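The structure file start21.txt is reproduced below (compact mmCIF, C-alpha atoms).
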```
# COMPACT_ATOMS: atom_id res chain seq x y z
CA MET A 19 13.63 24.47 9.05
CA ILE A 20 16.84 26.15 7.94
CA PHE A 21 20.45 25.63 9.03
CA GLN A 22 23.00 28.29 8.11
CA SER A 23 26.74 28.52 8.65
CA LYS A 24 27.96 31.29 6.37
CA THR A 25 31.20 32.06 8.23
CA GLU A 26 34.43 30.69 6.80
CA ILE A 27 36.54 29.37 9.66
CA HIS A 28 40.33 29.35 9.79
CA TRP A 29 41.89 27.72 12.84
CA GLY A 30 45.18 26.63 14.26
CA GLU A 31 48.73 27.92 14.25
CA ASN A 32 49.53 30.70 11.76
CA SER A 33 45.88 31.10 10.72
CA LEU A 34 46.54 34.85 11.03
CA LYS A 35 48.19 34.62 7.61
CA TYR A 36 44.71 34.55 6.07
CA LEU A 37 44.74 38.35 6.17
CA SER A 38 47.75 38.63 3.88
CA GLY A 39 45.80 37.19 0.97
CA LEU A 40 43.00 39.75 1.04
CA LYS A 41 42.70 42.37 -1.70
CA SER A 42 41.70 45.29 0.50
CA GLN A 43 42.24 49.04 0.16
CA ARG A 44 41.24 50.30 3.60
CA ALA A 45 40.57 48.47 6.86
CA PHE A 46 38.74 49.53 10.02
CA VAL A 47 39.99 47.69 13.13
CA VAL A 48 37.76 47.52 16.21
CA ALA A 49 39.37 46.60 19.53
CA ASP A 50 39.73 47.66 23.13
CA ARG A 51 42.73 49.26 24.78
CA LEU A 52 43.82 46.01 26.43
CA MET A 53 44.13 44.33 23.02
CA VAL A 54 46.34 47.22 21.94
CA LYS A 55 48.42 47.02 25.14
CA LEU A 56 48.91 43.25 24.80
CA GLY A 57 50.13 43.65 21.24
CA LEU A 58 47.33 41.58 19.70
CA VAL A 59 46.16 44.46 17.52
CA LYS A 60 49.74 44.94 16.35
CA LYS A 61 49.84 41.32 15.16
CA VAL A 62 46.97 42.19 12.83
CA THR A 63 48.18 45.63 11.76
CA ASP A 64 51.65 44.24 11.00
CA VAL A 65 50.05 42.00 8.37
CA LEU A 66 48.07 44.95 7.03
CA ASN A 67 51.28 46.99 6.78
CA GLU A 68 53.03 44.18 4.93
CA SER A 69 50.12 44.08 2.50
CA ASN A 70 50.11 47.87 2.07
CA VAL A 71 46.55 48.15 3.38
CA LYS A 72 45.65 51.50 4.94
CA TYR A 73 43.83 51.20 8.23
CA SER A 74 42.43 53.03 11.23
CA VAL A 75 41.97 51.61 14.73
CA PHE A 76 38.98 52.26 16.99
CA ASP A 77 40.05 50.98 20.43
CA GLU A 78 37.41 52.49 22.72
CA VAL A 79 35.22 49.42 23.25
CA GLU A 80 34.48 48.66 26.90
CA PRO A 81 33.10 45.47 28.51
CA ASN A 82 29.39 45.27 27.70
CA PRO A 83 29.63 47.85 24.88
CA SER A 84 27.34 50.83 25.31
CA VAL A 85 25.12 52.60 22.83
CA SER A 86 27.33 55.69 23.12
CA THR A 87 30.45 53.68 22.22
CA VAL A 88 28.72 52.14 19.22
CA THR A 89 27.67 55.65 18.16
CA LYS A 90 31.30 56.82 18.35
CA GLY A 91 32.39 53.86 16.28
CA LEU A 92 29.63 54.58 13.77
CA HIS A 93 31.04 58.06 13.16
CA HIS A 94 34.51 56.59 12.64
CA ILE A 95 33.42 53.90 10.17
CA ILE A 96 31.35 56.38 8.13
CA LYS A 97 34.36 58.72 7.97
CA ASN A 98 36.87 55.99 7.00
CA LYS A 99 34.72 54.12 4.43
CA PRO A 100 36.51 50.76 4.83
CA ASP A 101 36.10 47.75 2.57
CA LEU A 102 37.46 45.52 5.36
CA LEU A 103 36.20 45.40 8.97
CA ILE A 104 38.34 43.56 11.52
CA ALA A 105 37.37 42.86 15.13
CA VAL A 106 40.16 41.88 17.52
CA GLY A 107 38.88 41.03 20.97
CA GLY A 108 36.37 39.14 23.04
CA GLY A 109 32.62 39.08 22.68
CA SER A 110 32.23 42.74 23.63
CA VAL A 111 34.57 43.89 20.87
CA ILE A 112 33.05 41.63 18.21
CA ASP A 113 29.53 42.63 19.28
CA ALA A 114 30.51 46.30 19.08
CA ALA A 115 31.97 45.83 15.58
CA LYS A 116 28.75 44.10 14.51
CA ALA A 117 26.58 46.87 15.89
CA ILE A 118 28.74 49.58 14.31
CA MET A 119 28.47 47.90 10.90
CA TYR A 120 24.74 47.23 11.37
CA PHE A 121 23.88 50.86 12.11
CA CYS A 122 26.22 52.06 9.36
CA ILE A 123 24.32 50.00 6.79
CA LYS A 124 20.95 51.01 8.21
CA THR A 125 21.98 54.67 8.02
CA LYS A 126 23.07 54.28 4.41
CA GLU A 127 19.75 52.61 3.56
CA GLU A 128 18.05 55.87 4.44
CA LEU A 129 20.21 57.69 1.89
CA VAL A 130 20.80 55.32 -1.04
CA ASP A 131 19.32 52.18 -2.57
CA ARG A 132 20.19 49.02 -0.65
CA ALA A 133 21.53 47.44 -3.84
CA ASP A 134 24.20 50.14 -4.01
CA ILE A 135 25.46 49.51 -0.48
CA LYS A 136 28.63 47.42 -0.22
CA LYS A 137 29.07 45.73 3.14
CA PRO A 138 32.71 45.62 4.27
CA TRP A 139 34.29 42.15 4.39
CA PHE A 140 34.09 41.25 8.07
CA VAL A 141 36.86 39.24 9.77
CA ALA A 142 36.70 38.38 13.49
CA PHE A 143 39.68 37.42 15.66
CA PRO A 144 38.19 36.18 18.97
CA THR A 145 40.60 36.60 21.88
CA THR A 146 38.40 34.79 24.40
CA SER A 147 36.64 31.45 24.15
CA GLY A 148 33.09 32.21 25.13
CA THR A 149 30.56 34.16 23.15
CA GLY A 150 30.87 32.48 19.75
CA SER A 151 30.15 35.95 18.41
CA GLU A 152 32.56 35.32 15.54
CA VAL A 153 29.96 33.08 13.84
CA THR A 154 26.63 34.50 14.98
CA ALA A 155 24.09 37.03 13.75
CA PHE A 156 23.62 38.32 17.32
CA SER A 157 24.99 41.38 19.10
CA VAL A 158 24.22 42.76 22.55
CA VAL A 159 24.69 46.44 23.39
CA THR A 160 23.91 48.22 26.64
CA ASP A 161 21.62 51.21 27.04
CA GLU A 162 23.60 52.77 29.88
CA LYS A 163 20.93 55.35 30.69
CA ASN A 164 18.25 52.76 31.41
CA ASN A 165 20.52 49.87 32.47
CA VAL A 166 19.08 47.64 29.76
CA LYS A 167 20.88 45.17 27.49
CA ILE A 168 19.57 45.30 23.93
CA PRO A 169 19.94 42.14 21.80
CA LEU A 170 20.26 42.81 18.05
CA VAL A 171 19.67 40.06 15.49
CA ASP A 172 20.38 40.40 11.78
CA ASN A 173 22.22 38.16 9.32
CA ILE A 174 24.19 41.11 7.95
CA MET A 175 26.10 41.16 11.25
CA THR A 176 27.45 37.62 10.82
CA PRO A 177 31.22 37.76 10.23
CA ASP A 178 32.39 36.51 6.84
CA VAL A 179 35.51 34.93 8.33
CA ALA A 180 36.48 33.78 11.83
CA VAL A 181 40.16 33.27 12.60
CA LEU A 182 40.63 30.91 15.56
CA ASP A 183 44.23 31.19 16.66
CA ALA A 184 44.65 30.03 20.26
CA GLU A 185 47.71 32.27 20.64
CA PHE A 186 45.25 35.18 20.74
CA THR A 187 43.77 33.68 23.93
CA ARG A 188 47.03 32.80 25.73
CA THR A 189 47.04 35.99 27.87
CA VAL A 190 43.45 35.59 29.09
CA PRO A 191 43.52 35.41 32.93
CA PRO A 192 41.98 32.41 34.75
CA ILE A 193 38.84 34.26 35.92
CA VAL A 194 38.01 35.33 32.35
CA THR A 195 38.84 31.85 31.03
CA ALA A 196 36.35 30.45 33.55
CA ASP A 197 33.56 32.93 32.88
CA THR A 198 33.81 32.82 29.09
CA GLY A 199 34.14 29.04 29.10
CA MET A 200 30.93 28.66 31.07
CA ASP A 201 29.27 30.97 28.56
CA VAL A 202 30.18 28.35 25.93
CA LEU A 203 28.52 25.68 28.06
CA SER A 204 25.34 27.73 28.51
CA HIS A 205 25.16 28.35 24.74
CA ALA A 206 25.60 24.67 23.97
CA ILE A 207 23.09 23.41 26.54
CA GLU A 208 20.43 26.02 25.78
CA SER A 209 20.62 25.51 22.03
CA PHE A 210 20.37 21.74 22.57
CA VAL A 211 17.07 22.07 24.44
CA SER A 212 15.68 24.90 22.29
CA ILE A 213 12.40 24.44 20.41
CA LYS A 214 14.38 25.05 17.20
CA ALA A 215 17.08 22.45 17.87
CA SER A 216 17.72 20.04 15.01
CA ASP A 217 20.00 17.16 14.09
CA TYR A 218 22.37 19.71 12.58
CA THR A 219 22.58 21.98 15.63
CA ASP A 220 22.75 18.95 17.93
CA MET A 221 26.07 17.88 16.39
CA TYR A 222 27.67 21.18 17.33
CA SER A 223 26.09 21.60 20.75
CA ARG A 224 26.84 18.04 21.94
CA LYS A 225 30.48 18.28 20.87
CA ALA A 226 30.81 21.70 22.53
CA VAL A 227 29.38 20.37 25.82
CA LYS A 228 31.84 17.46 25.84
CA ASP A 229 34.81 19.70 25.07
CA VAL A 230 33.94 22.21 27.80
CA PHE A 231 33.90 19.45 30.41
CA SER A 232 37.13 18.00 28.99
CA TYR A 233 39.19 21.15 28.45
CA LEU A 234 37.86 24.18 30.35
CA TYR A 235 39.41 23.31 33.71
CA ARG A 236 42.69 22.47 31.98
CA ALA A 237 42.77 25.92 30.35
CA TYR A 238 41.78 27.50 33.68
CA ILE A 239 44.63 25.99 35.72
CA ASP A 240 47.26 26.30 32.98
CA GLY A 241 46.88 29.20 30.56
CA ASP A 242 49.80 27.87 28.52
CA ASP A 243 48.02 24.59 27.76
CA MET A 244 47.51 25.47 24.12
CA ILE A 245 45.71 22.23 23.29
CA ALA A 246 43.05 23.13 25.86
CA ARG A 247 43.00 26.75 24.64
CA GLN A 248 42.47 25.67 21.03
CA LYS A 249 39.79 23.14 21.97
CA MET A 250 37.91 25.75 23.99
CA GLN A 251 38.11 28.27 21.15
CA GLN A 252 36.68 25.70 18.76
CA ALA A 253 33.99 24.70 21.28
CA SER A 254 32.98 28.34 21.56
CA CYS A 255 32.69 28.56 17.79
CA MET A 256 30.67 25.33 17.55
CA ALA A 257 28.27 26.46 20.27
CA GLY A 258 27.92 29.77 18.42
CA ILE A 259 26.96 27.98 15.20
CA SER A 260 24.43 25.94 17.16
CA PHE A 261 22.69 28.78 18.95
CA THR A 262 22.64 31.15 15.99
CA ASN A 263 20.49 28.52 14.28
CA ALA A 264 18.55 27.05 17.21
CA GLY A 265 18.27 30.04 19.52
CA LEU A 266 18.75 30.09 23.28
CA GLY A 267 16.38 30.28 26.26
CA ILE A 268 15.61 31.80 29.64
CA ASN A 269 19.13 31.27 30.97
CA HIS A 270 20.25 34.03 28.63
CA SER A 271 17.09 36.08 29.02
CA LEU A 272 17.65 36.26 32.78
CA ALA A 273 21.40 36.79 32.34
CA HIS A 274 20.75 39.77 30.07
CA ALA A 275 18.28 41.26 32.54
CA ILE A 276 20.43 40.68 35.62
CA GLY A 277 23.57 41.87 33.83
CA GLY A 278 21.82 45.11 32.92
CA ILE A 279 21.45 45.96 36.60
CA TYR A 280 24.38 44.26 38.31
CA LYS A 281 27.96 44.40 37.05
CA ILE A 282 28.42 40.64 36.84
CA SER A 283 30.18 39.27 33.78
CA HIS A 284 27.80 37.68 31.29
CA GLY A 285 29.49 34.29 31.40
CA ARG A 286 29.54 34.20 35.19
CA ILE A 287 25.86 34.97 35.64
CA ASN A 288 25.04 32.38 32.96
CA ALA A 289 27.08 29.83 34.89
CA MET A 290 25.34 30.66 38.16
CA LEU A 291 21.91 30.43 36.56
CA LEU A 292 22.43 27.12 34.72
CA PRO A 293 21.64 24.65 37.56
CA TYR A 294 18.45 26.49 38.56
CA VAL A 295 17.26 26.97 34.97
CA ILE A 296 17.80 23.26 34.23
CA GLU A 297 15.86 22.41 37.37
CA PHE A 298 12.98 24.64 36.22
CA ASN A 299 12.99 23.60 32.56
CA SER A 300 13.13 19.89 33.35
CA GLY A 301 10.24 19.94 35.82
CA ILE A 302 12.46 17.85 38.08
CA ASN A 303 10.43 18.73 41.19
CA ASN A 304 7.07 17.99 39.55
CA THR A 305 6.30 16.42 36.16
CA LEU A 306 9.25 15.81 33.85
CA THR A 307 9.17 17.80 30.61
CA ASN A 308 10.50 17.20 27.10
CA SER A 309 13.49 19.30 28.10
CA ALA A 310 14.29 16.77 30.81
CA GLN A 311 14.77 14.08 28.17
CA ARG A 312 17.16 16.34 26.28
CA TYR A 313 19.19 17.02 29.43
CA GLU A 314 19.36 13.26 29.98
CA VAL A 315 20.97 12.88 26.54
CA LEU A 316 23.69 15.32 27.55
CA ALA A 317 24.23 13.51 30.86
CA ASP A 318 24.67 10.25 28.94
CA GLU A 319 27.07 11.99 26.52
CA LEU A 320 29.18 12.97 29.55
CA THR A 321 28.94 9.40 30.96
CA LEU A 322 27.18 10.69 34.07
CA PRO A 323 24.80 8.44 36.04
CA CYS A 324 21.49 8.39 34.16
CA GLN A 325 19.64 5.11 34.58
CA THR A 326 16.47 7.20 34.59
CA THR A 327 15.65 10.60 33.10
CA ARG A 328 15.38 12.11 36.56
CA GLU A 329 18.77 10.77 37.57
CA GLY A 330 20.30 12.09 34.35
CA VAL A 331 18.96 15.60 34.96
CA LEU A 332 20.15 15.60 38.58
CA SER A 333 23.57 14.32 37.48
CA LEU A 334 23.92 17.11 34.92
CA ILE A 335 22.94 19.75 37.49
CA GLU A 336 25.45 18.38 40.00
CA ALA A 337 28.22 18.19 37.39
CA ILE A 338 27.70 21.87 36.51
CA LYS A 339 27.75 22.88 40.18
CA ILE A 340 31.01 20.96 40.69
CA LEU A 341 32.58 22.56 37.61
CA ASN A 342 31.48 26.02 38.80
CA ALA A 343 33.04 25.38 42.20
CA LYS A 344 36.33 24.21 40.64
CA LEU A 345 36.39 27.40 38.56
CA GLY A 346 35.79 29.62 41.59
CA ILE A 347 32.30 30.65 40.46
CA PRO A 348 29.79 31.25 43.29
CA LEU A 349 26.68 29.09 43.37
CA THR A 350 24.40 31.91 44.53
CA LEU A 351 24.09 35.70 44.34
CA LYS A 352 24.19 35.80 48.13
CA GLU A 353 27.62 34.19 48.00
CA TYR A 354 28.57 36.69 45.28
CA GLY A 355 27.76 39.55 47.66
CA ILE A 356 24.53 41.00 46.23
CA ASP A 357 22.40 42.80 48.85
CA ARG A 358 19.18 40.86 49.49
CA LEU A 359 16.82 43.83 49.94
CA GLU A 360 18.11 45.55 46.80
CA TYR A 361 17.78 42.28 44.91
CA LEU A 362 14.18 41.78 46.00
CA GLU A 363 13.38 45.31 44.86
CA ASN A 364 14.79 44.54 41.40
CA ILE A 365 13.22 41.10 40.86
CA ASP A 366 10.06 42.42 39.22
CA VAL A 367 11.99 44.51 36.68
CA ILE A 368 14.39 41.64 35.93
CA ILE A 369 11.58 39.16 35.29
CA LYS A 370 9.62 41.54 33.09
CA ARG A 371 12.70 42.26 30.98
CA ALA A 372 13.47 38.54 30.72
CA LEU A 373 9.94 37.77 29.53
CA GLU A 374 10.37 40.38 26.79
CA ASP A 375 13.81 39.09 25.76
CA VAL A 376 14.06 37.46 22.31
CA CYS A 377 15.81 34.42 23.84
CA THR A 378 12.67 33.49 25.79
CA LEU A 379 10.84 32.77 22.52
CA THR A 380 12.88 29.60 21.91
CA ASN A 381 12.72 28.20 25.46
CA GLN A 382 11.09 24.78 25.15
CA THR A 383 9.45 24.73 28.58
CA LYS A 384 6.54 27.15 29.03
CA VAL A 385 7.67 30.29 30.83
CA THR A 386 5.57 32.21 33.35
CA TYR A 387 6.24 35.12 35.68
CA GLU A 388 5.92 32.85 38.72
CA GLY A 389 8.24 30.28 37.16
CA LEU A 390 10.99 32.82 36.64
CA LYS A 391 10.39 34.20 40.10
CA SER A 392 11.12 30.74 41.56
CA VAL A 393 14.38 30.60 39.61
CA MET A 394 15.33 34.07 40.87
CA TYR A 395 14.76 33.12 44.51
CA LYS A 396 16.86 29.97 44.20
CA LEU A 397 19.59 31.91 42.42
CA TYR A 398 19.89 34.25 45.38
CA GLY A 399 20.28 31.39 47.86
```
With the file now loaded, output its structure as structure tokens.
Amino acid sequence: MIFQSKTEIHWGENSLKYLSGLKSQRAFVVADRLMVKLGLVKKVTDVLNESNVKYSVFDEVEPNPSVSTVTKGLHHIIKNKPDLLIAVGGGSVIDAAKAIMYFCIKTKEELVDRADIKKPWFVAFPTTSGTGSEVTAFSVVTDEKNNVKIPLVDNIMTPDVAVLDAEFTRTVPPIVTADTGMDVLSHAIESFVSIKASDYTDMYSRKAVKDVFSYLYRAYIDGDDMIARQKMQQASCMAGISFTNAGLGINHSLAHAIGGIYKISHGRINAMLLPYVIEFNSGINNTLTNSAQRYEVLADELTLPCQTTREGVLSLIEAIKILNAKLGIPLTLKEYGIDRLEYLENIDVIIKRALEDVCTLTNQTKVTYEGLKSVMYKLYG
């Protein structure tokens, strides 16, 4: 097995100063318009100006970045020929920057020898605490014509540096704090029970799980609690390191498929799925699986009741449901407001897409069409 963590991580107050020490000629900054409006992009470009680095800003990234947006960004990066790529934003922005760089390099490979291609130095400034995209080799883009989310995986997309400055997350509203924070939890739990989990990934995922339960609600009720903000940003990063090595599972496969059809934030649908996926993976209603024993470890880590494996699994499920409720996240799609008849019509497509998703490959419990169908019915309520 292999464990990789190639990203250099700078965290804490004034970590933004890292940029001032770079010997760069031209930078390409990827963001969205909100990051520009909030002045977060200016924080970065001010440092570039002080360092006399020329730059251009591409601020057209939308939530769940589309193929067409990535294509626009590709034209910009080819035109500007940067030696420094900077992403300032949440998971969507960082994923878009990754995809833009990925397709830029792949395009160049068709024209020149790979050895002659110089990848721009890639620095990510996450402004939400959720995806862990700042340390992963994963990117997800949306095919808007077919309503399909396309996961991309390639080590060349892994950022060289992640700058974790909690001040960049201070303006995140409570609903986004909740959704992105539960995305951290789903990353940490899924990577912990993945078939590729190891002692090395376990360290990161277990710590991330504990920190989410300790600090997410604090950050949710008080956005100025910078200790909680910093802890959540670091938990997101740790969970990202874990899942980029161990992989994920059907929680994310189903979230990708559902998110491609319904406009539910990725973190929120992950949060809603978690209790039902744990129930399925653990075999709690039939014969307990190896995954059940792993969930019990997490329940013990959280000092939840777990005198038996079954009790530990049930305790973990209940703790997640309670946390969801405290964060204002619905427990079912019915509660969310999804039409039942429309949902039933889409179930077949969702399950088929989930079975084809790369995340399903590392799910420890055997996955079947009927198994996912049972999860989908319980998710609706």
Original post:
Can you tell me, as a VMD selection string, what residues are no more than 10 Å from Gln311 (chain A) when counting only C-alpha atoms, ignoring any on the same chain fewer than 5 positions away?
Top reply: chain A and resid 211 300 306 316 to 317 326 to 328 330 to 331
Subject >> Gap from CA of Ile279 (chain A) to CA of Asn165 (chain A) - Å, one decimal >> reply: 5.8 Å
**OP:** Within 8 Å of region 168-185 of chain A, counting all atoms listed in the file, which residues show up once you throw out same-chain ones fewer than 2 positions away? Write them as a PyMOL selection string, please.
**Re:** chain A and resi 24-34+116-117+119-120+139-145+152-161+166+187-188+244+247-248+251-252+375-376
Nearby residues (all atoms listed in the file) at most 12 Å from Glu336 (chain A), same-chain spacing under 3 positions excluded, as a tab-separated table (two decimals) with C-alpha atoms, in the coordinates of the input:
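Result written to out_21.tsv:
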```
chain	number	residue	atom	x	y	z
A	292	LEU	CA	22.43	27.12	34.72
A	293	PRO	CA	21.64	24.65	37.56
A	294	TYR	CA	18.45	26.49	38.56
A	296	ILE	CA	17.80	23.26	34.23
A	297	GLU	CA	15.86	22.41	37.37
A	317	ALA	CA	24.23	13.51	30.86
A	322	LEU	CA	27.18	10.69	34.07
A	323	PRO	CA	24.80	8.44	36.04
A	329	GLU	CA	18.77	10.77	37.57
A	330	GLY	CA	20.30	12.09	34.35
A	331	VAL	CA	18.96	15.60	34.96
A	332	LEU	CA	20.15	15.60	38.58
A	333	SER	CA	23.57	14.32	37.48
A	339	LYS	CA	27.75	22.88	40.18
A	340	ILE	CA	31.01	20.96	40.69
A	341	LEU	CA	32.58	22.56	37.61
A	342	ASN	CA	31.48	26.02	38.80
A	343	ALA	CA	33.04	25.38	42.20
A	349	LEU	CA	26.68	29.09	43.37
```
Original post:
Pick the closest to Lys41 (chain A) from A:Thr307, A:Ser74, A:Ser69, A:Ser223: which is it, counting all atoms listed in the file?
Top reply: A:Ser69
Original post:
CA of Thr350 (chain A) to CA of Leu397 (chain A): how many Å, to one decimal?
Top reply: 5.3 Å
**OP:** Could you jot down the CA of Ile335 (chain A) to CA of Leu379 (chain A) separation for me, Å, one decimal place?
**Re:** 23.2 Å
Using only C-alpha atoms, what table do you get, as a Markdown table, when you list each residue of region 254-366 of chain A with an atom no more than 7 Å from region 225-242 of chain A, its nearest pair of atoms, and their distance in Å rounded to one decimal, rows by chain then rising number?
```
| residue | atom | partner | partner_atom | distance |
| --- | --- | --- | --- | --- |
| A:Met256 | CA | A:Ala226 | CA | 6.2 |
| A:Ala257 | CA | A:Ala226 | CA | 5.8 |
| A:Leu320 | CA | A:Lys228 | CA | 6.4 |
```
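With all atoms listed in the file as the atoms that count, the minimum distance from Met221 (chain A) to the choices A:Cys122, A:Ala264, A:Ile96, A:Val65 is reached by A:Ala264.
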Subject >> Residues near Thr380 (chain A), cut-off 6 Å, only C-alpha atoms, skip fewer than 5 positions along chain, as a list of chain:residue names >> reply: A:Ser212, A:Ile213, A:Gly265, A:Gly267
Original post:
Which polymer residues have any atom within 8 Å of an atom of Ala115 (chain A), counting all atoms listed in the file, with same-chain residues fewer than 2 positions away left out, as a PyMOL selection string?
Top reply: chain A and resi 48+88+103-105+111-113+117-119
Go ahead and write the selection's residues with C-alpha atoms as a tab-separated table (two decimals), keeping the file's coordinate frame.
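Contents of result-v4.tsv, as written:
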```tsv
chain	number	residue	atom	x	y	z
A	48	VAL	CA	37.76	47.52	16.21
A	88	VAL	CA	28.72	52.14	19.22
A	103	LEU	CA	36.20	45.40	8.97
A	104	ILE	CA	38.34	43.56	11.52
A	105	ALA	CA	37.37	42.86	15.13
A	111	VAL	CA	34.57	43.89	20.87
A	112	ILE	CA	33.05	41.63	18.21
A	113	ASP	CA	29.53	42.63	19.28
A	117	ALA	CA	26.58	46.87	15.89
A	118	ILE	CA	28.74	49.58	14.31
A	119	MET	CA	28.47	47.90	10.90
```
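With all atoms listed in the file as the basis for measurement, A:Ser271 is the residue among A:Leu362, A:Cys324, A:Phe261, A:Ser271 that approaches Leu390 (chain A) most closely.
Of the listed residues A:Leu272, A:Lys352, A:Asn263, A:Phe298, the one whose atoms come nearest to Asp217 (chain A) is A:Asn263, with distances taken using only C-alpha atoms.
Proximity ranking of A:Ala310, A:Leu291, A:Leu58, A:Ile302 relative to Val393 (chain A) places A:Leu291 first, based on all atoms listed in the file.
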So which residues fall inside 12 Å of (34.3, 55.8, 1.8) if we count all atoms listed in the file? Mind giving them as a PDB file with C-alpha atoms, in the frame of the given file?
```pdb
ATOM      1  CA  GLN A  43      42.240  49.040   0.160  1.00  0.00           C
ATOM      2  CA  ARG A  44      41.240  50.300   3.600  1.00  0.00           C
ATOM      3  CA  ALA A  45      40.570  48.470   6.860  1.00  0.00           C
ATOM      4  CA  PHE A  46      38.740  49.530  10.020  1.00  0.00           C
ATOM      5  CA  HIS A  94      34.510  56.590  12.640  1.00  0.00           C
ATOM      6  CA  ILE A  95      33.420  53.900  10.170  1.00  0.00           C
ATOM      7  CA  ILE A  96      31.350  56.380   8.130  1.00  0.00           C
ATOM      8  CA  LYS A  97      34.360  58.720   7.970  1.00  0.00           C
ATOM      9  CA  ASN A  98      36.870  55.990   7.000  1.00  0.00           C
ATOM     10  CA  LYS A  99      34.720  54.120   4.430  1.00  0.00           C
ATOM     11  CA  PRO A 100      36.510  50.760   4.830  1.00  0.00           C
ATOM     12  CA  ASP A 101      36.100  47.750   2.570  1.00  0.00           C
ATOM     13  CA  LEU A 102      37.460  45.520   5.360  1.00  0.00           C
ATOM     14  CA  CYS A 122      26.220  52.060   9.360  1.00  0.00           C
ATOM     15  CA  LYS A 126      23.070  54.280   4.410  1.00  0.00           C
ATOM     16  CA  ILE A 135      25.460  49.510  -0.480  1.00  0.00           C
ATOM     17  CA  LYS A 136      28.630  47.420  -0.220  1.00  0.00           C
ATOM     18  CA  LYS A 137      29.070  45.730   3.140  1.00  0.00           C
ATOM     19  CA  PRO A 138      32.710  45.620   4.270  1.00  0.00           C
TER      20      PRO A 138
END
```
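Residue nearest Thr378 (chain A) within the list A:Asn164, A:Asn269, A:Asn67, A:Thr198: A:Asn269 [criterion: smallest interatomic distance, all atoms listed in the file].
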**OP:** May I have the protein, DNA and RNA residues with any atom at most 8 Å from the point (39.2, 33.2, 37.5), counting all atoms listed in the file, written as JSON, numbers by chain?
**Re:** {"A": [191, 192, 193, 194, 195, 196, 197, 238, 345, 346, 347]}
